[in-house]
file model.tsv (TSV, C-alpha atoms)
chain	number	residue	atom	x	y	z
A	28	GLY	CA	5.92	-12.73	8.60
A	29	ALA	CA	4.68	-9.59	10.30
A	30	VAL	CA	0.93	-9.37	10.64
A	31	VAL	CA	-1.20	-6.25	10.82
A	32	SER	CA	-4.87	-6.41	11.71
A	33	GLN	CA	-7.64	-3.89	11.31
A	34	HIS	CA	-10.96	-3.69	13.07
A	35	PRO	CA	-13.65	-3.51	11.95
A	36	SER	CA	-13.31	-4.96	8.48
A	37	TRP	CA	-16.42	-3.09	7.40
A	38	VAL	CA	-18.71	-0.57	8.99
A	39	ILE	CA	-21.87	1.27	8.02
A	40	CYS	CA	-22.72	4.44	9.87
A	41	LYS	CA	-25.14	7.30	9.60
A	42	SER	CA	-24.10	10.72	8.44
A	43	GLY	CA	-22.93	12.89	11.33
A	44	THR	CA	-21.69	10.08	13.52
A	45	SER	CA	-18.08	9.18	14.27
A	46	VAL	CA	-16.32	5.92	13.50
A	47	LYS	CA	-13.12	4.54	14.99
A	48	ILE	CA	-10.88	2.14	13.08
A	49	GLU	CA	-8.16	0.21	14.88
A	50	CYS	CA	-4.86	-0.91	13.41
A	51	ARG	CA	-2.74	-3.38	15.33
A	52	SER	CA	0.65	-4.92	14.69
A	53	LEU	CA	0.22	-8.42	16.10
A	54	ASP	CA	3.71	-9.81	16.31
A	55	PHE	CA	6.03	-6.85	16.10
A	56	GLN	CA	6.44	-3.33	17.40
A	57	ALA	CA	5.68	-0.68	14.84
A	58	THR	CA	7.70	2.46	15.14
A	59	THR	CA	5.67	4.10	12.43
A	60	MET	CA	2.17	3.50	11.16
A	61	PHE	CA	0.56	4.87	8.05
A	62	TRP	CA	-3.05	5.45	7.09
A	63	TYR	CA	-4.15	5.26	3.48
A	64	ARG	CA	-7.40	5.83	1.70
A	65	GLN	CA	-8.36	4.00	-1.45
A	66	PHE	CA	-11.25	4.89	-3.73
A	67	PRO	CA	-12.70	2.24	-6.05
A	68	LYS	CA	-10.33	1.28	-8.83
A	69	GLN	CA	-7.78	3.81	-7.67
A	70	SER	CA	-4.44	3.74	-5.96
A	71	LEU	CA	-3.67	4.21	-2.29
A	72	MET	CA	-3.41	7.79	-1.13
A	73	LEU	CA	-1.39	8.42	2.01
A	74	MET	CA	-3.45	10.32	4.56
A	75	ALA	CA	-1.09	10.54	7.49
A	76	THR	CA	1.96	9.12	9.18
A	77	SER	CA	2.00	8.46	12.88
A	78	ASN	CA	4.76	7.69	15.31
A	79	GLU	CA	4.12	6.28	18.75
A	80	GLY	CA	3.66	8.99	21.34
A	81	SER	CA	3.70	11.92	18.97
A	82	LYS	CA	1.24	13.79	16.81
A	83	ALA	CA	0.48	12.44	13.39
A	84	THR	CA	1.79	14.14	10.28
A	85	TYR	CA	-1.00	14.72	7.81
A	86	GLU	CA	-0.64	14.95	4.06
A	87	GLN	CA	-1.70	18.10	2.30
A	88	GLY	CA	-5.44	18.30	1.87
A	89	VAL	CA	-6.27	15.89	4.69
A	90	GLU	CA	-8.31	17.50	7.48
A	91	LYS	CA	-6.64	16.64	10.75
A	92	ASP	CA	-9.69	17.64	12.76
A	93	LYS	CA	-11.84	15.28	10.76
A	94	PHE	CA	-9.49	12.32	10.64
A	95	LEU	CA	-8.14	11.96	14.16
A	96	ILE	CA	-5.17	9.66	14.52
A	97	ASN	CA	-3.90	8.32	17.83
A	98	HIS	CA	-0.80	6.15	18.04
A	99	ALA	CA	-1.05	5.18	21.68
A	100	SER	CA	1.43	2.32	21.71
A	101	LEU	CA	3.93	0.55	19.51
A	102	THR	CA	1.26	-1.92	18.47
A	103	LEU	CA	-1.87	0.20	18.12
A	104	SER	CA	-2.95	3.15	16.04
A	105	THR	CA	-6.50	4.38	15.64
A	106	LEU	CA	-8.18	6.48	12.98
A	107	THR	CA	-11.40	8.23	13.97
A	108	VAL	CA	-13.54	9.69	11.23
A	109	THR	CA	-15.50	12.42	12.96
A	110	SER	CA	-18.87	13.69	11.78
A	111	ALA	CA	-18.78	11.32	8.86
A	112	HIS	CA	-20.43	12.22	5.57
A	113	PRO	CA	-21.19	10.09	2.52
A	114	GLU	CA	-18.10	11.44	0.75
A	115	ASP	CA	-15.99	9.85	3.50
A	116	SER	CA	-17.13	6.45	2.30
A	117	SER	CA	-14.00	4.64	1.21
A	118	PHE	CA	-11.61	1.78	1.87
A	119	TYR	CA	-9.16	2.70	4.63
A	120	ILE	CA	-5.93	0.75	4.90
A	121	CYS	CA	-3.26	1.00	7.55
A	122	SER	CA	0.31	-0.19	7.40
A	123	ALA	CA	3.10	-0.53	9.90
A	124	GLU	CA	6.82	-0.31	9.60
A	125	THR	CA	9.23	-2.09	11.88
A	126	GLY	CA	12.10	0.23	11.30
A	127	GLY	CA	15.58	-1.14	10.85
A	128	ILE	CA	16.74	-2.15	7.41
A	129	SER	CA	13.78	-4.10	6.14
A	130	TYR	CA	12.13	-0.99	4.73
A	131	GLU	CA	8.93	-2.94	4.37
A	132	GLN	CA	5.51	-1.74	5.27
A	133	TYR	CA	3.11	-4.43	6.36
A	134	PHE	CA	-0.46	-3.73	5.40
A	135	GLY	CA	-3.66	-4.43	7.22
A	136	PRO	CA	-6.62	-6.02	5.42
A	137	GLY	CA	-8.47	-2.72	5.16
A	138	THR	CA	-11.74	-1.32	6.50
A	139	ARG	CA	-14.67	-0.59	4.22
A	140	LEU	CA	-16.53	2.46	5.53
A	141	THR	CA	-19.96	3.28	4.17
A	142	VAL	CA	-21.68	6.43	5.39
A	143	THR	CA	-25.41	6.60	4.69
B	28	ALA	CA	8.89	14.67	-5.23
B	29	GLN	CA	8.79	11.00	-6.00
B	30	SER	CA	6.40	9.34	-8.40
B	31	VAL	CA	5.54	6.01	-9.93
B	32	ALA	CA	4.01	5.33	-13.32
B	33	GLN	CA	2.23	2.15	-14.25
B	34	PRO	CA	1.35	2.80	-17.89
B	35	GLU	CA	-1.13	-0.03	-18.28
B	36	ASP	CA	-4.47	0.01	-16.51
B	37	GLN	CA	-5.02	-3.62	-17.45
B	38	VAL	CA	-2.93	-6.50	-18.69
B	39	ASN	CA	-4.50	-9.64	-20.12
B	40	VAL	CA	-2.49	-12.81	-20.53
B	41	ALA	CA	-3.31	-16.40	-21.26
B	42	GLU	CA	-2.68	-18.98	-18.57
B	43	GLY	CA	0.77	-20.50	-18.94
B	44	ASN	CA	2.16	-17.54	-20.85
B	45	PRO	CA	4.75	-15.17	-19.42
B	46	LEU	CA	3.48	-11.94	-17.93
B	47	THR	CA	4.98	-8.49	-17.49
B	48	VAL	CA	3.54	-5.58	-15.52
B	49	LYS	CA	5.40	-2.36	-16.17
B	50	CYS	CA	6.58	0.24	-13.70
B	51	THR	CA	8.78	3.30	-13.99
B	52	TYR	CA	9.72	5.63	-11.19
B	53	SER	CA	11.15	8.99	-10.33
B	54	VAL	CA	12.89	9.69	-7.03
B	55	SER	CA	15.69	11.80	-5.64
B	56	GLY	CA	18.56	9.65	-4.53
B	57	ASN	CA	18.62	5.91	-4.58
B	58	PRO	CA	15.25	4.19	-4.90
B	59	TYR	CA	13.76	1.50	-2.76
B	60	LEU	CA	11.23	-0.28	-4.96
B	61	PHE	CA	8.37	-2.57	-4.07
B	62	TRP	CA	5.63	-4.60	-5.68
B	63	TYR	CA	2.40	-5.38	-3.88
B	64	VAL	CA	-0.67	-7.37	-4.93
B	65	GLN	CA	-4.22	-6.65	-3.86
B	66	TYR	CA	-7.16	-9.02	-4.12
B	67	PRO	CA	-10.72	-7.62	-4.06
B	68	ASN	CA	-11.66	-5.97	-0.78
B	69	ARG	CA	-8.36	-6.94	0.77
B	70	GLY	CA	-5.25	-5.14	1.90
B	71	LEU	CA	-1.95	-5.26	0.10
B	72	GLN	CA	0.31	-8.27	0.11
B	73	PHE	CA	4.04	-7.81	-0.30
B	74	LEU	CA	5.57	-9.54	-3.34
B	75	LEU	CA	9.14	-8.34	-3.55
B	76	LYS	CA	11.47	-5.42	-3.08
B	77	TYR	CA	14.68	-3.96	-4.40
B	78	ILE	CA	16.91	-2.18	-1.93
B	79	THR	CA	20.39	-2.83	-3.21
B	80	GLY	CA	22.43	-5.61	-4.77
B	81	ASP	CA	21.40	-7.80	-7.68
B	82	ASN	CA	19.17	-6.08	-10.17
B	83	LEU	CA	17.03	-9.20	-10.56
B	84	VAL	CA	14.88	-9.69	-7.50
B	85	LYS	CA	12.89	-12.84	-6.84
B	86	GLY	CA	9.80	-12.73	-4.72
B	87	SER	CA	6.71	-14.58	-3.64
B	88	TYR	CA	4.55	-16.86	-5.83
B	89	GLY	CA	7.18	-17.12	-8.57
B	90	PHE	CA	7.28	-13.41	-9.34
B	91	GLU	CA	10.45	-11.53	-10.09
B	92	ALA	CA	11.36	-7.98	-11.05
B	93	GLU	CA	14.35	-6.38	-12.68
B	94	PHE	CA	15.71	-3.06	-11.52
B	95	ASN	CA	17.01	-1.00	-14.43
B	96	LYS	CA	18.62	2.19	-13.22
B	97	SER	CA	19.24	3.72	-16.63
B	98	GLN	CA	15.62	3.26	-17.65
B	99	THR	CA	14.30	3.96	-14.14
B	100	SER	CA	12.15	0.87	-14.42
B	101	PHE	CA	11.17	-2.00	-12.18
B	102	HIS	CA	8.97	-4.30	-14.25
B	103	LEU	CA	7.27	-7.26	-12.60
B	104	LYS	CA	7.50	-10.58	-14.39
B	105	LYS	CA	6.48	-14.19	-14.10
B	106	PRO	CA	7.47	-16.95	-16.53
B	107	SER	CA	4.13	-18.76	-16.49
B	108	ALA	CA	0.91	-17.06	-15.41
B	109	LEU	CA	-1.76	-18.73	-13.31
B	110	VAL	CA	-5.44	-17.86	-13.17
B	111	SER	CA	-4.96	-17.24	-9.46
B	112	ASP	CA	-2.52	-14.44	-10.30
B	113	SER	CA	-5.46	-12.33	-11.45
B	114	ALA	CA	-5.47	-9.31	-9.15
B	115	LEU	CA	-4.49	-5.67	-8.85
B	116	TYR	CA	-0.76	-4.99	-8.76
B	117	PHE	CA	0.87	-1.91	-7.31
B	118	CYS	CA	4.41	-0.67	-7.76
B	119	ALA	CA	5.75	1.64	-5.05
B	120	VAL	CA	8.88	3.67	-4.44
B	121	ARG	CA	10.50	5.41	-1.54
B	122	ALA	CA	13.70	7.40	-1.33
B	123	ASP	CA	16.68	6.14	0.61
B	124	SER	CA	17.13	9.42	2.47
B	125	GLY	CA	15.78	12.90	2.94
B	126	ALA	CA	12.62	14.32	4.42
B	127	GLY	CA	9.74	11.89	4.32
B	128	SER	CA	11.95	9.20	2.87
B	129	TYR	CA	10.01	6.54	4.71
B	130	GLN	CA	6.87	7.35	2.77
B	131	LEU	CA	5.81	5.05	-0.02
B	132	THR	CA	4.43	6.48	-3.23
B	133	PHE	CA	2.23	4.10	-5.16
B	134	GLY	CA	1.47	3.78	-8.82
B	135	LYS	CA	-2.17	3.77	-9.86
B	136	GLY	CA	-2.21	0.01	-10.14
B	137	THR	CA	-2.47	-2.49	-12.98
B	138	LYS	CA	-5.25	-5.02	-13.13
B	139	LEU	CA	-3.92	-8.36	-14.28
B	140	SER	CA	-6.36	-10.82	-15.80
B	141	VAL	CA	-5.12	-14.31	-16.56
B	142	ILE	CA	-7.40	-16.05	-19.02
B	143	PRO	CA	-7.85	-19.81	-18.69

call {"tool": "encode", "arguments": {"input": "model.tsv", "output": "structure tokens"}}
result
Amino acid sequence: GAVVSQHPSWVICKSGTSVKIECRSLDFQATTMFWYRQFPKQSLMLMATSNEGSKATYEQGVEKDKFLINHASLTLSTLTVTSAHPEDSSFYICSAETGGISYEQYFGPGTRLTVT
Amino acid sequence: AQSVAQPEDQVNVAEGNPLTVKCTYSVSGNPYLFWYVQYPNRGLQFLLKYITGDNLVKGSYGFEAEFNKSQTSFHLKKPSALVSDSALYFCAVRADSGAGSYQLTFGKGTKLSVIP
């Protein structure tokens, strides 16, 4: 099956610094990638949708200047949390869609971000 | 707008007994429905999906789900629960067409505990 990886799997950073999270589709080309945020014991909240070579589409309430998304190729999307604060601490999950008729999103293992 | 309701925060079932995790949805147009499972500190794993065709869908690990259009439901079932099935289960829906139809909307999740 299609595999999506994320790096790093966990990261601790100091308040005010920036953190980059990578999402890669390992064995397929992803026309669309999605970034989700999950708080403890809660559901996944879509943050943004990105298509290769174009600007990401952010969901209402998500600060695009704070959460920078770059979808540089069909196999790589990055999420950069700029000037991180403790309230940005969360579990960030990416997913990738192959397009076509499968309609499936393949999810990465997630990245645990802790801002101290 | 599309939405998913998982009315139970937690479901407890004895090992060997049948299990049901409930899901109802609301979407404009025809629904594409999915079930995912999440283990602690992990991403989501795909279990099964309904796109079209037979209302009874069989998926991974012995799980199945029945699409009921009149009741707008897509309950997840398994005839005999295993302790290893204990996890967090998410139902998700997307529309078959329209703006943002590729976006998944998740339910809040149901924690399944299988008691030995």

call {"tool": "closest_atom_pairs", "arguments": {"input": "model.tsv", "of": "region 40-80 of chain B", "to": "region 104-121 of chain A", "cutoff": "10 Å", "atoms": "only C-alpha atoms", "output": "CSV"}}
result
residue,atom,partner,partner_atom,distance
B:Asn68,CA,A:Phe118,CA,8.2
B:Arg69,CA,A:Ile120,CA,9.1
B:Gly70,CA,A:Ile120,CA,6.6
B:Leu71,CA,A:Ile120,CA,8.7

call {"tool": "write_last_selection", "arguments": {"input": "model.tsv", "atoms": "C-alpha atoms", "output": "compact mmCIF listing (two decimals), keeping the file's coordinate frame"}}
result
# COMPACT_ATOMS: atom_id res chain seq x y z
CA ASN B 68 -11.66 -5.97 -0.78
CA ARG B 69 -8.36 -6.94 0.77
CA GLY B 70 -5.25 -5.14 1.90
CA LEU B 71 -1.95 -5.26 0.10

call {"tool": "closest_residue", "arguments": {"input": "model.tsv", "among": "B:Gln37, B:Gln72, B:Thr51, B:Ser113", "to": "chain A", "atoms": "only C-alpha atoms"}}
result
B:Gln72

call {"tool": "interface_residues", "arguments": {"input": "model.tsv", "of": "chain A", "to": "chain B", "cutoff": "12 Å", "atoms": "all atoms listed in the file", "output": "number ranges by chain"}}
result
A: 28-33, 36-37, 58-78, 84-86, 117-140

call {"tool": "atom_distance", "arguments": {"input": "model.tsv", "atom1": "CA of Val40 (chain B)", "atom2": "CA of Val141 (chain B)"}}
result
5.0 Å

call {"tool": "residues_around", "arguments": {"input": "model.tsv", "residues": "Ser100 (chain B)", "least_positions_apart": "4", "cutoff": "8 Å", "atoms": "only C-alpha atoms", "output": "compact mmCIF listing (two decimals) with C-alpha atoms, in the frame of the given file"}}
result
# COMPACT_ATOMS: atom_id res chain seq x y z
CA LYS B 49 5.40 -2.36 -16.17
CA CYS B 50 6.58 0.24 -13.70
CA THR B 51 8.78 3.30 -13.99
CA TYR B 52 9.72 5.63 -11.19
CA GLU B 93 14.35 -6.38 -12.68
CA PHE B 94 15.71 -3.06 -11.52
CA ASN B 95 17.01 -1.00 -14.43
CA LYS B 96 18.62 2.19 -13.22

call {"tool": "closest_residue", "arguments": {"input": "model.tsv", "among": "A:Thr143, A:Val38, A:Glu79, A:Asp92", "to": "Ala57 (chain A)", "atoms": "only C-alpha atoms"}}
result
A:Glu79

call {"tool": "closest_residue", "arguments": {"input": "model.tsv", "among": "A:Leu53, A:Cys40, A:Ala83, A:Ile48", "to": "Thr102 (chain A)", "atoms": "only C-alpha atoms"}}
result
A:Leu53

call {"tool": "atom_distance", "arguments": {"input": "model.tsv", "atom1": "CA of Cys118 (chain B)", "atom2": "CA of Thr141 (chain A)"}}
result
27.4 Å

call {"tool": "atom_distance", "arguments": {"input": "model.tsv", "atom1": "CA of Val110 (chain B)", "atom2": "CA of Val48 (chain B)"}}
result
15.4 Å

call {"tool": "closest_residue", "arguments": {"input": "model.tsv", "among": "B:Pro58, B:Ala119, B:Tyr66, B:Thr47", "to": "Ala92 (chain B)", "atoms": "only C-alpha atoms"}}
result
B:Thr47

call {"tool": "residues_around", "arguments": {"input": "model.tsv", "residues": "Pro143 (chain B)", "least_positions_apart": "5", "cutoff": "12 Å", "atoms": "all atoms listed in the file", "output": "number ranges by chain"}}
result
B: 39-44, 108-113

call {"tool": "closest_residue", "arguments": {"input": "model.tsv", "among": "B:Thr79, B:Ala122, B:Ser140, B:Pro67", "to": "Ala28 (chain B)", "atoms": "all atoms listed in the file"}}
result
B:Ala122

call {"tool": "build_atoms", "arguments": {"input": "model.tsv", "residues": "region 34-59 of chain A", "atoms": "N, CA and C atoms", "output": "PDB file, in the coordinates of the input"}}
result
ATOM      1  N   HIS A  34      -9.613  -3.425  12.573  1.00  0.00           N
ATOM      2  CA  HIS A  34     -10.960  -3.690  13.070  1.00  0.00           C
ATOM      3  C   HIS A  34     -11.749  -2.398  13.116  1.00  0.00           C
ATOM      4  N   PRO A  35     -12.970  -2.391  12.601  1.00  0.00           N
ATOM      5  CA  PRO A  35     -13.650  -3.510  11.950  1.00  0.00           C
ATOM      6  C   PRO A  35     -13.214  -3.679  10.505  1.00  0.00           C
ATOM      7  N   SER A  36     -13.635  -4.756   9.891  1.00  0.00           N
ATOM      8  CA  SER A  36     -13.310  -4.960   8.480  1.00  0.00           C
ATOM      9  C   SER A  36     -14.282  -4.184   7.598  1.00  0.00           C
ATOM     10  N   TRP A  37     -15.492  -3.959   8.111  1.00  0.00           N
ATOM     11  CA  TRP A  37     -16.420  -3.090   7.400  1.00  0.00           C
ATOM     12  C   TRP A  37     -17.354  -2.460   8.425  1.00  0.00           C
ATOM     13  N   VAL A  38     -17.817  -1.277   8.090  1.00  0.00           N
ATOM     14  CA  VAL A  38     -18.710  -0.570   8.990  1.00  0.00           C
ATOM     15  C   VAL A  38     -19.627   0.340   8.181  1.00  0.00           C
ATOM     16  N   ILE A  39     -20.874   0.362   8.600  1.00  0.00           N
ATOM     17  CA  ILE A  39     -21.870   1.270   8.020  1.00  0.00           C
ATOM     18  C   ILE A  39     -22.314   2.202   9.124  1.00  0.00           C
ATOM     19  N   CYS A  40     -22.273   3.489   8.851  1.00  0.00           N
ATOM     20  CA  CYS A  40     -22.720   4.440   9.870  1.00  0.00           C
ATOM     21  C   CYS A  40     -23.570   5.524   9.227  1.00  0.00           C
ATOM     22  N   LYS A  41     -24.278   6.216  10.073  1.00  0.00           N
ATOM     23  CA  LYS A  41     -25.140   7.300   9.600  1.00  0.00           C
ATOM     24  C   LYS A  41     -24.349   8.600   9.524  1.00  0.00           C
ATOM     25  N   SER A  42     -24.748   9.427   8.608  1.00  0.00           N
ATOM     26  CA  SER A  42     -24.100  10.720   8.440  1.00  0.00           C
ATOM     27  C   SER A  42     -24.150  11.512   9.749  1.00  0.00           C
ATOM     28  N   GLY A  43     -23.010  12.100  10.113  1.00  0.00           N
ATOM     29  CA  GLY A  43     -22.930  12.890  11.330  1.00  0.00           C
ATOM     30  C   GLY A  43     -22.341  12.156  12.515  1.00  0.00           C
ATOM     31  N   THR A  44     -22.270  10.854  12.417  1.00  0.00           N
ATOM     32  CA  THR A  44     -21.690  10.080  13.520  1.00  0.00           C
ATOM     33  C   THR A  44     -20.185   9.913  13.300  1.00  0.00           C
ATOM     34  N   SER A  45     -19.524   9.401  14.338  1.00  0.00           N
ATOM     35  CA  SER A  45     -18.080   9.180  14.270  1.00  0.00           C
ATOM     36  C   SER A  45     -17.778   7.690  14.275  1.00  0.00           C
ATOM     37  N   VAL A  46     -16.714   7.328  13.615  1.00  0.00           N
ATOM     38  CA  VAL A  46     -16.320   5.920  13.500  1.00  0.00           C
ATOM     39  C   VAL A  46     -14.842   5.788  13.826  1.00  0.00           C
ATOM     40  N   LYS A  47     -14.507   4.789  14.635  1.00  0.00           N
ATOM     41  CA  LYS A  47     -13.120   4.540  14.990  1.00  0.00           C
ATOM     42  C   LYS A  47     -12.652   3.254  14.337  1.00  0.00           C
ATOM     43  N   ILE A  48     -11.488   3.309  13.717  1.00  0.00           N
ATOM     44  CA  ILE A  48     -10.880   2.140  13.080  1.00  0.00           C
ATOM     45  C   ILE A  48      -9.562   1.858  13.800  1.00  0.00           C
ATOM     46  N   GLU A  49      -9.376   0.600  14.186  1.00  0.00           N
ATOM     47  CA  GLU A  49      -8.160   0.210  14.880  1.00  0.00           C
ATOM     48  C   GLU A  49      -7.187  -0.508  13.956  1.00  0.00           C
ATOM     49  N   CYS A  50      -5.924  -0.239  14.148  1.00  0.00           N
ATOM     50  CA  CYS A  50      -4.860  -0.910  13.410  1.00  0.00           C
ATOM     51  C   CYS A  50      -3.852  -1.442  14.410  1.00  0.00           C
ATOM     52  N   ARG A  51      -3.645  -2.755  14.370  1.00  0.00           N
ATOM     53  CA  ARG A  51      -2.740  -3.380  15.330  1.00  0.00           C
ATOM     54  C   ARG A  51      -1.652  -4.176  14.630  1.00  0.00           C
ATOM     55  N   SER A  52      -0.427  -4.034  15.116  1.00  0.00           N
ATOM     56  CA  SER A  52       0.650  -4.920  14.690  1.00  0.00           C
ATOM     57  C   SER A  52       0.667  -6.075  15.683  1.00  0.00           C
ATOM     58  N   LEU A  53       0.471  -7.285  15.197  1.00  0.00           N
ATOM     59  CA  LEU A  53       0.220  -8.420  16.100  1.00  0.00           C
ATOM     60  C   LEU A  53       1.486  -9.061  16.644  1.00  0.00           C
ATOM     61  N   ASP A  54       2.537  -9.077  15.871  1.00  0.00           N
ATOM     62  CA  ASP A  54       3.710  -9.810  16.310  1.00  0.00           C
ATOM     63  C   ASP A  54       4.999  -9.002  16.188  1.00  0.00           C
ATOM     64  N   PHE A  55       4.847  -7.683  16.128  1.00  0.00           N
ATOM     65  CA  PHE A  55       6.030  -6.850  16.100  1.00  0.00           C
ATOM     66  C   PHE A  55       5.660  -5.463  16.612  1.00  0.00           C
ATOM     67  N   GLN A  56       6.661  -4.703  16.958  1.00  0.00           N
ATOM     68  CA  GLN A  56       6.440  -3.330  17.400  1.00  0.00           C
ATOM     69  C   GLN A  56       6.651  -2.393  16.215  1.00  0.00           C
ATOM     70  N   ALA A  57       5.663  -1.568  15.989  1.00  0.00           N
ATOM     71  CA  ALA A  57       5.680  -0.680  14.840  1.00  0.00           C
ATOM     72  C   ALA A  57       6.099   0.712  15.257  1.00  0.00           C
ATOM     73  N   THR A  58       7.252   1.116  14.799  1.00  0.00           N
ATOM     74  CA  THR A  58       7.700   2.460  15.140  1.00  0.00           C
ATOM     75  C   THR A  58       6.875   3.513  14.408  1.00  0.00           C
ATOM     76  N   THR A  59       6.440   3.167  13.235  1.00  0.00           N
ATOM     77  CA  THR A  59       5.670   4.100  12.430  1.00  0.00           C
ATOM     78  C   THR A  59       4.483   3.377  11.811  1.00  0.00           C
TER      79      THR A  59
END
